[in-house]
file query-v4.cif (mmCIF, C-alpha atoms)
data_structure
#
loop_
_atom_site.label_atom_id
_atom_site.label_comp_id
_atom_site.auth_asym_id
_atom_site.auth_seq_id
_atom_site.Cartn_x
_atom_site.Cartn_y
_atom_site.Cartn_z
CA MET A 7 3.43 -38.19 -21.67
CA ILE A 8 5.11 -37.96 -25.06
CA PRO A 9 8.28 -40.09 -25.06
CA GLN A 10 11.48 -38.09 -25.48
CA GLU A 11 12.56 -40.58 -28.19
CA LYS A 12 9.55 -39.57 -30.29
CA ILE A 13 10.37 -35.88 -29.89
CA GLU A 14 13.99 -36.44 -30.87
CA ALA A 15 12.91 -38.52 -33.89
CA LEU A 16 10.69 -35.64 -35.09
CA ILE A 17 13.50 -33.12 -34.74
CA ASP A 18 15.97 -35.46 -36.45
CA ARG A 19 13.60 -36.04 -39.39
CA PHE A 20 13.08 -32.29 -39.80
CA GLU A 21 16.81 -31.59 -39.81
CA LYS A 22 17.39 -34.33 -42.39
CA ILE A 23 14.71 -32.82 -44.62
CA GLU A 24 16.36 -29.39 -44.40
CA ALA A 25 19.76 -30.89 -45.26
CA GLU A 26 18.31 -32.82 -48.20
CA MET A 27 16.46 -29.76 -49.54
CA SER A 28 19.75 -27.92 -49.88
CA THR A 29 21.22 -30.61 -52.14
CA VAL A 30 18.45 -32.13 -54.30
CA THR A 31 17.64 -30.74 -57.76
CA GLU A 32 14.75 -32.95 -58.95
CA SER A 33 11.55 -30.87 -58.94
CA ASP A 34 9.27 -33.70 -57.76
CA VAL A 35 11.58 -34.44 -54.81
CA ILE A 36 11.78 -30.75 -53.92
CA ILE A 37 7.98 -30.50 -53.94
CA ARG A 38 7.62 -33.57 -51.72
CA LEU A 39 10.26 -32.40 -49.26
CA SER A 40 8.86 -28.86 -49.17
CA LYS A 41 5.41 -30.19 -48.34
CA GLU A 42 6.74 -32.39 -45.53
CA HIS A 43 8.90 -29.50 -44.28
CA GLY A 44 5.86 -27.24 -44.12
CA GLU A 45 3.82 -29.88 -42.28
CA LEU A 46 6.56 -30.44 -39.69
CA LYS A 47 7.78 -26.88 -39.14
CA ASP A 48 5.30 -25.81 -36.42
CA ILE A 49 5.31 -29.28 -34.85
CA VAL A 50 9.11 -29.31 -34.55
CA GLU A 51 9.11 -25.78 -33.11
CA LYS A 52 6.79 -27.01 -30.34
CA ALA A 53 8.81 -30.24 -29.94
CA ARG A 54 12.04 -28.28 -29.52
CA ALA A 55 10.40 -26.05 -26.90
CA LEU A 56 9.24 -29.11 -24.94
CA SER A 57 12.62 -30.81 -25.28
CA SER A 58 14.38 -27.68 -24.03
CA LEU A 59 11.97 -27.40 -21.10
CA ARG A 60 12.60 -31.01 -20.12
CA SER A 61 16.39 -30.45 -20.22
CA GLN A 62 15.98 -27.43 -17.94
CA LEU A 63 13.86 -29.49 -15.54
CA VAL A 64 16.60 -32.13 -15.28
CA GLU A 65 19.25 -29.47 -14.58
CA LEU A 66 17.10 -27.69 -12.00
CA LYS A 67 16.26 -30.97 -10.28
CA GLU A 68 19.98 -31.68 -9.87
CA LEU A 69 20.65 -28.14 -8.58
CA SER A 70 17.76 -28.31 -6.12
CA ALA A 71 19.30 -31.42 -4.56
CA GLY A 72 22.77 -29.85 -4.28
CA ASP A 73 24.70 -28.73 -1.21
CA ASP A 74 24.49 -25.01 -1.94
CA GLY A 75 21.42 -24.04 0.11
CA GLU A 76 20.75 -20.68 -1.57
CA MET A 77 21.20 -22.11 -5.08
CA ALA A 78 19.04 -25.12 -4.22
CA ALA A 79 16.22 -22.87 -3.00
CA LEU A 80 16.30 -20.78 -6.19
CA ALA A 81 16.38 -23.95 -8.30
CA LYS A 82 13.34 -25.36 -6.46
CA ASP A 83 11.34 -22.18 -7.14
CA GLU A 84 12.21 -22.19 -10.83
CA LEU A 85 11.61 -25.95 -11.01
CA ALA A 86 8.07 -25.54 -9.70
CA GLU A 87 7.37 -22.74 -12.18
CA LEU A 88 8.64 -24.69 -15.19
CA LYS A 89 6.80 -27.85 -14.15
CA GLU A 90 3.53 -25.94 -14.49
CA GLN A 91 4.39 -25.16 -18.13
CA GLU A 92 5.12 -28.75 -19.16
CA PRO A 93 1.50 -30.11 -19.32
CA GLY A 94 0.39 -27.23 -21.54
CA LEU A 95 3.28 -27.73 -23.96
CA GLU A 96 2.70 -31.49 -24.03
CA HIS A 97 -1.01 -31.08 -24.72
CA ALA A 98 -0.37 -28.60 -27.52
CA LEU A 99 2.13 -30.97 -29.14
CA GLN A 100 -0.23 -33.94 -28.75
CA ILE A 101 -2.91 -32.00 -30.62
CA MET A 102 -0.45 -31.19 -33.41
CA LEU A 103 0.56 -34.85 -33.66
CA LEU A 104 -3.00 -36.09 -34.17
CA PRO A 105 -3.42 -37.91 -37.50
CA LYS A 106 -4.43 -35.35 -40.09
CA ASP A 107 -7.31 -35.85 -42.48
CA LYS A 108 -5.58 -35.68 -45.86
CA ALA A 109 -8.61 -33.86 -47.26
CA ASP A 110 -8.33 -30.99 -44.73
CA ASP A 111 -6.36 -28.79 -47.12
CA SER A 112 -8.86 -29.34 -49.95
CA SER A 113 -11.27 -26.92 -51.52
CA VAL A 114 -14.87 -28.12 -51.35
CA ILE A 115 -18.14 -28.38 -53.19
CA ILE A 116 -21.01 -27.36 -50.96
CA GLU A 117 -24.56 -28.43 -51.70
CA VAL A 118 -27.53 -26.84 -49.91
CA ARG A 119 -31.00 -28.28 -50.45
CA ALA A 120 -34.40 -27.28 -49.12
CA GLY A 121 -35.89 -30.00 -46.93
CA THR A 122 -39.21 -30.21 -45.13
CA GLY A 123 -41.17 -26.99 -44.84
CA GLY A 124 -42.12 -25.96 -48.38
CA ASP A 125 -41.44 -22.34 -49.32
CA GLU A 126 -39.99 -21.57 -45.91
CA ALA A 127 -37.41 -24.36 -46.36
CA ALA A 128 -36.32 -22.84 -49.68
CA LEU A 129 -35.94 -19.42 -48.07
CA PHE A 130 -33.91 -20.97 -45.26
CA ALA A 131 -31.69 -22.76 -47.79
CA GLY A 132 -31.00 -19.34 -49.30
CA ASP A 133 -30.16 -17.93 -45.87
CA LEU A 134 -27.72 -20.78 -45.21
CA PHE A 135 -25.99 -20.39 -48.56
CA ARG A 136 -25.54 -16.64 -48.04
CA MET A 137 -24.17 -17.39 -44.55
CA TYR A 138 -21.52 -19.64 -46.10
CA GLN A 139 -20.78 -17.08 -48.82
CA ARG A 140 -20.07 -14.42 -46.21
CA PHE A 141 -18.07 -16.82 -44.05
CA ALA A 142 -15.97 -17.80 -47.07
CA SER A 143 -15.40 -14.16 -47.96
CA LEU A 144 -14.10 -13.45 -44.45
CA GLN A 145 -11.67 -16.37 -44.82
CA GLY A 146 -10.40 -15.10 -48.17
CA TRP A 147 -11.89 -18.03 -50.11
CA LYS A 148 -13.45 -17.87 -53.58
CA VAL A 149 -17.05 -19.04 -54.06
CA THR A 150 -18.25 -20.07 -57.52
CA VAL A 151 -21.86 -21.17 -58.04
CA LEU A 152 -21.98 -24.34 -60.13
CA SER A 153 -25.74 -24.78 -60.38
CA ALA A 154 -28.82 -23.34 -58.73
CA SER A 155 -32.53 -24.09 -58.76
CA GLU A 156 -34.29 -21.01 -57.42
CA ALA A 157 -37.67 -21.18 -55.71
CA GLU A 158 -40.49 -18.90 -56.84
CA VAL A 159 -40.73 -17.28 -53.40
CA GLY A 160 -36.97 -16.72 -53.22
CA GLY A 161 -34.20 -18.83 -51.82
CA TYR A 162 -33.26 -22.12 -53.40
CA LYS A 163 -34.68 -25.56 -53.93
CA GLU A 164 -31.02 -26.52 -54.21
CA ILE A 165 -27.71 -24.86 -54.97
CA GLN A 166 -24.18 -26.16 -55.56
CA ALA A 167 -21.01 -24.11 -55.35
CA SER A 168 -17.29 -24.65 -55.20
CA VAL A 169 -15.41 -22.96 -52.36
CA ALA A 170 -11.72 -22.67 -53.23
CA GLY A 171 -8.90 -21.84 -50.86
CA ASP A 172 -6.42 -23.30 -48.40
CA GLY A 173 -7.83 -25.50 -45.65
CA VAL A 174 -11.47 -25.03 -46.64
CA PHE A 175 -12.55 -28.60 -45.82
CA ALA A 176 -10.86 -28.49 -42.41
CA ARG A 177 -13.09 -25.58 -41.38
CA MET A 178 -16.30 -26.53 -43.19
CA LYS A 179 -16.51 -30.31 -42.91
CA PHE A 180 -18.68 -30.27 -39.79
CA GLU A 181 -21.42 -28.29 -41.58
CA SER A 182 -22.74 -31.45 -43.30
CA GLY A 183 -26.13 -32.49 -41.96
CA VAL A 184 -29.67 -31.29 -41.38
CA HIS A 185 -30.07 -27.66 -40.30
CA ARG A 186 -33.41 -26.79 -38.71
CA VAL A 187 -35.02 -23.34 -38.47
CA GLN A 188 -37.81 -22.21 -36.16
CA ARG A 189 -39.39 -18.88 -37.08
CA VAL A 190 -42.62 -17.14 -38.09
CA PRO A 191 -42.94 -17.17 -41.91
CA ALA A 192 -43.76 -13.89 -43.63
CA THR A 193 -47.03 -15.42 -44.85
CA GLU A 194 -48.13 -16.52 -41.36
CA THR A 195 -50.98 -14.31 -40.19
CA GLN A 196 -51.42 -15.84 -36.72
CA GLY A 197 -47.79 -15.34 -35.67
CA ARG A 198 -47.21 -19.06 -35.24
CA VAL A 199 -43.67 -20.42 -35.29
CA HIS A 200 -43.03 -22.97 -38.03
CA THR A 201 -40.21 -25.51 -38.20
CA SER A 202 -38.45 -26.09 -41.52
CA ALA A 203 -35.20 -27.72 -42.55
CA ALA A 204 -32.45 -27.72 -45.14
CA THR A 205 -29.65 -30.19 -45.74
CA VAL A 206 -26.02 -29.27 -46.28
CA ALA A 207 -23.34 -31.48 -47.83
CA VAL A 208 -19.69 -30.44 -47.84
CA LEU A 209 -17.63 -32.54 -50.26
CA PRO A 210 -13.85 -32.25 -50.42
CA GLU A 211 -12.60 -31.71 -53.95
CA PRO A 212 -10.11 -34.43 -54.82
CA GLU A 213 -6.77 -33.92 -56.49
CA GLU A 214 -6.29 -35.76 -59.77
CA VAL A 215 -4.24 -38.40 -57.95
CA ASP A 216 -6.90 -38.96 -55.27
CA ILE A 217 -9.48 -40.62 -57.47
CA GLU A 218 -9.39 -42.03 -60.97
CA VAL A 219 -12.44 -41.78 -63.21
CA ASN A 220 -12.25 -43.88 -66.35
CA ASP A 221 -14.02 -42.63 -69.47
CA SER A 222 -15.29 -46.18 -70.06
CA ASP A 223 -17.22 -45.96 -66.76
CA LEU A 224 -19.15 -42.88 -67.88
CA ARG A 225 -22.35 -42.43 -69.87
CA ILE A 226 -22.71 -38.84 -71.07
CA ASP A 227 -26.05 -37.60 -72.38
CA VAL A 228 -26.77 -34.13 -73.77
CA PHE A 229 -30.21 -32.56 -73.91
CA ARG A 230 -31.99 -29.24 -74.12
CA ALA A 231 -31.88 -27.25 -70.90
CA SER A 232 -35.16 -26.38 -69.20
CA GLY A 233 -36.23 -23.45 -67.05
CA PRO A 234 -35.23 -19.78 -67.22
CA GLY A 235 -31.91 -18.99 -68.83
CA GLY A 236 -30.08 -16.99 -71.43
CA GLN A 237 -31.18 -16.39 -74.98
CA SER A 238 -29.91 -19.74 -76.24
CA VAL A 239 -30.12 -21.88 -73.14
CA ASN A 240 -33.42 -23.48 -74.17
CA THR A 241 -32.69 -23.77 -77.90
CA THR A 242 -29.51 -25.84 -77.97
CA ASP A 243 -28.51 -29.21 -76.55
CA SER A 244 -26.23 -27.64 -73.94
CA ALA A 245 -27.34 -29.52 -70.81
CA VAL A 246 -25.21 -32.47 -69.74
CA ARG A 247 -26.05 -35.55 -67.70
CA ILE A 248 -23.16 -37.78 -66.63
CA THR A 249 -23.82 -41.21 -65.16
CA HIS A 250 -21.03 -43.09 -63.39
CA ILE A 251 -22.03 -46.62 -64.35
CA PRO A 252 -20.25 -48.59 -61.57
CA THR A 253 -21.87 -46.57 -58.76
CA GLY A 254 -24.99 -45.19 -60.41
CA VAL A 255 -24.08 -41.62 -59.39
CA VAL A 256 -25.79 -39.11 -61.72
CA VAL A 257 -24.83 -35.45 -62.11
CA ILE A 258 -26.76 -32.96 -64.25
CA GLN A 259 -25.51 -29.50 -65.21
CA GLN A 260 -27.46 -27.06 -67.37
CA ASP A 261 -26.76 -23.56 -66.06
CA GLU A 262 -24.21 -22.68 -68.73
CA LYS A 263 -24.99 -22.02 -72.41
CA SER A 264 -21.91 -24.01 -73.35
CA GLN A 265 -22.10 -27.81 -73.40
CA HIS A 266 -18.34 -27.89 -72.76
CA LYS A 267 -18.66 -25.75 -69.61
CA ASN A 268 -21.58 -27.81 -68.32
CA LYS A 269 -19.58 -31.00 -68.85
CA ALA A 270 -16.59 -29.57 -66.97
CA LYS A 271 -18.79 -28.55 -64.03
CA ALA A 272 -20.53 -31.93 -64.01
CA MET A 273 -17.19 -33.76 -63.90
CA GLN A 274 -16.06 -31.52 -61.03
CA VAL A 275 -19.14 -32.45 -59.00
CA LEU A 276 -18.95 -36.12 -60.01
CA ARG A 277 -15.35 -36.48 -58.86
CA ALA A 278 -16.19 -34.84 -55.53
CA ARG A 279 -19.16 -37.17 -54.96
CA LEU A 280 -17.15 -40.28 -55.81
CA TYR A 281 -14.31 -39.14 -53.56
CA ASP A 282 -16.76 -38.43 -50.74
CA ALA A 283 -18.37 -41.86 -51.19
CA GLU A 284 -14.97 -43.55 -50.90
CA ARG A 285 -14.18 -41.54 -47.76
CA ALA A 286 -17.57 -42.55 -46.32
CA ARG A 287 -16.82 -46.22 -47.04
CA VAL A 288 -13.49 -46.00 -45.21
CA ASP A 289 -15.11 -44.15 -42.30
CA ALA A 290 -17.83 -46.80 -42.07
CA GLU A 291 -15.19 -49.45 -41.48
CA ARG A 292 -14.27 -47.75 -38.24
CA ALA A 293 -17.71 -46.36 -37.37
CA ALA A 294 -18.00 -48.44 -34.21
CA GLU A 295 -14.84 -46.89 -32.82
CA ARG A 296 -15.91 -43.36 -33.71
CA LYS A 297 -19.59 -43.70 -32.83
CA GLY A 298 -19.62 -40.85 -30.36
CA MET A 299 -17.49 -38.46 -32.36
CA ILE A 300 -18.83 -35.45 -34.22
CA GLY A 301 -17.04 -36.09 -37.49
CA SER A 302 -19.33 -38.85 -38.73
CA GLY A 303 -20.72 -36.70 -41.55
CA ASP A 304 -24.14 -38.37 -41.38
CA ARG A 305 -26.28 -36.05 -43.48
CA SER A 306 -29.56 -37.43 -42.11
CA GLU A 307 -28.57 -36.21 -38.64
CA ARG A 308 -30.06 -33.00 -37.29
CA ILE A 309 -27.00 -31.03 -36.30
CA ARG A 310 -28.14 -27.49 -35.61
CA THR A 311 -31.25 -25.44 -34.81
CA TYR A 312 -31.69 -21.75 -35.60
CA ASN A 313 -34.44 -20.36 -33.35
CA TYR A 314 -35.43 -16.84 -34.43
CA PRO A 315 -37.91 -15.95 -31.62
CA GLN A 316 -35.16 -16.52 -29.02
CA SER A 317 -32.29 -15.39 -31.28
CA ARG A 318 -30.40 -18.58 -30.46
CA VAL A 319 -28.42 -21.14 -32.42
CA THR A 320 -27.86 -24.58 -30.88
CA ASP A 321 -25.40 -27.14 -32.19
CA HIS A 322 -26.76 -30.43 -30.90
CA ARG A 323 -23.53 -32.42 -31.34
CA ILE A 324 -21.61 -30.41 -28.75
CA ASN A 325 -24.59 -28.97 -26.82
CA LEU A 326 -23.46 -25.43 -27.54
CA THR A 327 -26.02 -22.60 -27.63
CA LEU A 328 -25.15 -19.07 -28.72
CA TYR A 329 -27.60 -16.19 -28.43
CA LYS A 330 -26.38 -14.31 -31.50
CA LEU A 331 -28.44 -15.75 -34.33
CA ASP A 332 -28.31 -12.60 -36.47
CA GLU A 333 -24.50 -12.51 -36.39
CA ILE A 334 -24.20 -16.23 -37.14
CA ILE A 335 -26.72 -16.32 -40.00
CA ALA A 336 -24.94 -13.29 -41.46
CA GLY A 337 -21.73 -15.36 -41.46
CA ASN A 338 -19.86 -12.99 -39.17
CA ALA A 339 -19.95 -15.19 -36.04
CA LEU A 340 -20.04 -18.65 -37.63
CA ASP A 341 -16.36 -18.91 -36.66
CA GLU A 342 -17.39 -19.40 -33.01
CA LEU A 343 -19.34 -22.56 -33.86
CA VAL A 344 -16.67 -23.82 -36.26
CA ASP A 345 -13.87 -23.34 -33.72
CA ALA A 346 -15.86 -25.10 -31.00
CA LEU A 347 -16.54 -28.08 -33.28
CA ILE A 348 -12.88 -28.36 -34.28
CA THR A 349 -11.80 -28.18 -30.63
CA GLN A 350 -14.25 -30.92 -29.62
CA ASP A 351 -13.19 -33.12 -32.53
CA ARG A 352 -9.53 -32.80 -31.51
CA ALA A 353 -10.39 -33.64 -27.91
CA ASP A 354 -12.37 -36.71 -29.02
CA ARG A 355 -9.57 -37.94 -31.27
CA LEU A 356 -6.94 -37.31 -28.60
CA ALA A 357 -8.99 -39.31 -26.08
CA GLU A 358 -9.40 -42.10 -28.64
CA MET A 359 -5.67 -42.16 -29.36
CA GLN A 360 -4.83 -42.27 -25.65
CA SER A 361 -7.36 -45.03 -24.97
CA ASP A 362 -5.73 -47.07 -27.74
CA GLY A 363 -2.41 -46.66 -25.97
CA GLN A 364 -0.79 -44.80 -28.85
#
call {"tool": "encode", "arguments": {"input": "query-v4.cif", "output": "structure tokens"}}
result
Amino acid sequence: MIPQEKIEALIDRFEKIEAEMSTVTESDVIIRLSKEHGELKDIVEKARALSSLRSQLVELKELSAGDDGEMAALAKDELAELKEQEPGLEHALQIMLLPKDKADDSSVIIEVRAGTGGDEAALFAGDLFRMYQRFASLQGWKVTVLSASEAEVGGYKEIQASVAGDGVFARMKFESGVHRVQRVPATETQGRVHTSAATVAVLPEPEEVDIEVNDSDLRIDVFRASGPGGQSVNTTDSAVRITHIPTGVVVIQQDEKSQHKNKAKAMQVLRARLYDAERARVDAERAAERKGMIGSGDRSERIRTYNYPQSRVTDHRINLTLYKLDEIIAGNALDELVDALITQDRADRLAEMQSDGQ
């Protein structure tokens, strides 16, 4: 049960923010208050509804114990009805009060790489990337390919892209891991089902204030790009390799003809990888507590299987199987898996918070 003092403190803080917003003039203060106001608005609406319900319950309890028989009977009926609403309101507010991952609102860099399975793995990596492209389009997000290494048979050996929009990481963060496909390759003459895999990494893009990269920590090398490209891609030193000396992280970009553009893209990816590594370090410190939770982000973990002969997709972390592979791989029904993963994560975190006595 959420203490009434906590509810009243939330409402009081919200009202103070609104009062302060009407008087301050400094732009940085206005931005900070507006952000906090936006974060609290829906929470306080739910808190006020619960507070009002509790007040009604107190009044009805008093009326039901009164001397007026008819009024007491009516109050008892209404009391029973309102009591049924209280657990639902409390649960909804508890979910809203869960600690928020500060990266949830971030755009992301998504990396898809072919794993075991040769040509079929590259084709599957292409299928996965197109699934995410369609999913992003349905959410109103913008996808920009940063680099791609295409396979001769089609698909990708690896591909990186930025996905920009509000709340991208919150909805895509559980896609990191090993995705496995079971299907008959086009080149298979005996009709045998093969198993291949691709890995997905979803990296939140940091704000400038989230992570500092010092120029003195970087080694930047330029060289001539290789592979197919534009007229000048192989004749100028346009490719860029950036090495972050303290961590050894290396990023190479060569898709653009412009050295400047390749450097900008490489820095974008480098910052995301460093930010992700720092998040992983922090998560590791509490790994024992969160061992059973789905948000571990372990990219060596097999998280999902796409079985074409049976038209099923199984997410192994939550034991959910959907028999609509075509709709999911097309990106149109990926929402169902994403929503289920988010719901399970909230339930896990709520249980953890309650077990800690918070």
call {"tool": "resolve_selection", "arguments": {"input": "query-v4.cif", "expression": "the PyMOL selection byres ((chain A and resi 145) around 12)", "output": "list in words"}}
result
Tyr138, Gln139, Arg140, Phe141, Ala142, Ser143, Leu144, Gly146, Trp147, Lys148, Val149, Val169, Ala170, Gly171, Asp172, Gly173, Val174, Arg177, Met178, Gly337, Asn338, Leu340 and Asp341 of chain A
call {"tool": "resolve_selection", "arguments": {"input": "query-v4.cif", "expression": "the PyMOL selection byres ((chain A and resi 92) around 12)", "output": "list in words"}}
result
Met7, Ile8, Lys52, Ala53, Ala55, Leu56, Ser57, Ser58, Leu59, Arg60, Ser61, Gln62, Leu63, Leu85, Ala86, Glu87, Leu88, Lys89, Glu90, Gln91, Pro93, Gly94, Leu95, Glu96, His97, Ala98 and Leu99 of chain A
call {"tool": "closest_residue", "arguments": {"input": "query-v4.cif", "among": "A:Leu104, A:Met27, A:Ala15, A:Ile116", "to": "A:Val50", "atoms": "all atoms listed in the file"}}
result
A:Ala15
call {"tool": "atom_distance", "arguments": {"input": "query-v4.cif", "atom1": "atom CA of A:Val187", "atom2": "atom CA of A:Leu326"}}
result
16.0 Å
call {"tool": "atom_distance", "arguments": {"input": "query-v4.cif", "atom1": "atom CA of A:Lys271", "atom2": "atom CA of A:Glu211"}}
result
12.2 Å
call {"tool": "atom_distance", "arguments": {"input": "query-v4.cif", "atom1": "atom CA of A:Ala192", "atom2": "atom CA of A:Gly123"}}
result
13.4 Å
call {"tool": "residues_around", "arguments": {"input": "query-v4.cif", "residues": "stretch 45-49 of chain A", "least_positions_apart": "6", "cutoff": "12 Å", "atoms": "all atoms listed in the file", "output": "list of chain:residue names"}}
result
A:Ile13, A:Glu14, A:Ala15, A:Leu16, A:Ile17, A:Asp18, A:Arg19, A:Phe20, A:Glu21, A:Lys22, A:Ile23, A:Glu24, A:Arg38, A:Leu39, A:Ala55, A:Leu56, A:Leu95, A:Glu96, A:Ala98, A:Leu99, A:Gln100, A:Ile101, A:Met102, A:Leu103, A:Leu104, A:Pro105, A:Lys106, A:Lys108, A:Asp111
call {"tool": "closest_residue", "arguments": {"input": "query-v4.cif", "among": "A:Val206, A:Ile258, A:Val159, A:Leu129", "to": "A:Arg189", "atoms": "only C-alpha atoms"}}
result
A:Leu129
call {"tool": "resolve_selection", "arguments": {"input": "query-v4.cif", "expression": "the PyMOL selection byres ((chain A and resi 272) around 7)", "output": "JSON, numbers by chain"}}
result
{"A": [248, 257, 258, 259, 268, 269, 270, 271, 273, 274, 275, 276]}
call {"tool": "closest_atom_pairs", "arguments": {"input": "query-v4.cif", "of": "stretch 156-256 of chain A", "to": "stretch 313-321 of chain A", "cutoff": "10 Å", "atoms": "only C-alpha atoms", "output": "JSON lines"}}
result
{"residue": "A:His185", "atom": "CA", "partner": "A:Asp321", "partner_atom": "CA", "distance": 9.4}
{"residue": "A:Arg186", "atom": "CA", "partner": "A:Asn313", "partner_atom": "CA", "distance": 8.4}
{"residue": "A:Val187", "atom": "CA", "partner": "A:Asn313", "partner_atom": "CA", "distance": 6.0}
{"residue": "A:Gln188", "atom": "CA", "partner": "A:Asn313", "partner_atom": "CA", "distance": 4.8}
{"residue": "A:Arg189", "atom": "CA", "partner": "A:Tyr314", "partner_atom": "CA", "distance": 5.2}
{"residue": "A:Val190", "atom": "CA", "partner": "A:Tyr314", "partner_atom": "CA", "distance": 8.1}
{"residue": "A:Val199", "atom": "CA", "partner": "A:Pro315", "partner_atom": "CA", "distance": 8.2}
{"residue": "A:Thr201", "atom": "CA", "partner": "A:Asn313", "partner_atom": "CA", "distance": 9.1}
call {"tool": "residues_near_point", "arguments": {"input": "query-v4.cif", "point": "(-43.1, -26.4, -50.0)", "cutoff": "12 Å", "atoms": "all atoms listed in the file", "output": "short mmCIF file (atom, residue, chain, number, x, y, z; two decimals) with C-alpha atoms, in the coordinates of the input"}}
result
data_model
loop_
_atom_site.label_atom_id
_atom_site.label_comp_id
_atom_site.auth_asym_id
_atom_site.auth_seq_id
_atom_site.Cartn_x
_atom_site.Cartn_y
_atom_site.Cartn_z
CA ALA A 120 -34.40 -27.28 -49.12
CA GLY A 121 -35.89 -30.00 -46.93
CA THR A 122 -39.21 -30.21 -45.13
CA GLY A 123 -41.17 -26.99 -44.84
CA GLY A 124 -42.12 -25.96 -48.38
CA ASP A 125 -41.44 -22.34 -49.32
CA GLU A 126 -39.99 -21.57 -45.91
CA ALA A 127 -37.41 -24.36 -46.36
CA ALA A 128 -36.32 -22.84 -49.68
CA LEU A 129 -35.94 -19.42 -48.07
CA PHE A 130 -33.91 -20.97 -45.26
CA ALA A 157 -37.67 -21.18 -55.71
CA GLU A 158 -40.49 -18.90 -56.84
CA VAL A 159 -40.73 -17.28 -53.40
CA GLY A 160 -36.97 -16.72 -53.22
CA GLY A 161 -34.20 -18.83 -51.82
CA TYR A 162 -33.26 -22.12 -53.40
CA LYS A 163 -34.68 -25.56 -53.93
CA SER A 202 -38.45 -26.09 -41.52
CA ALA A 203 -35.20 -27.72 -42.55
CA ALA A 204 -32.45 -27.72 -45.14
#
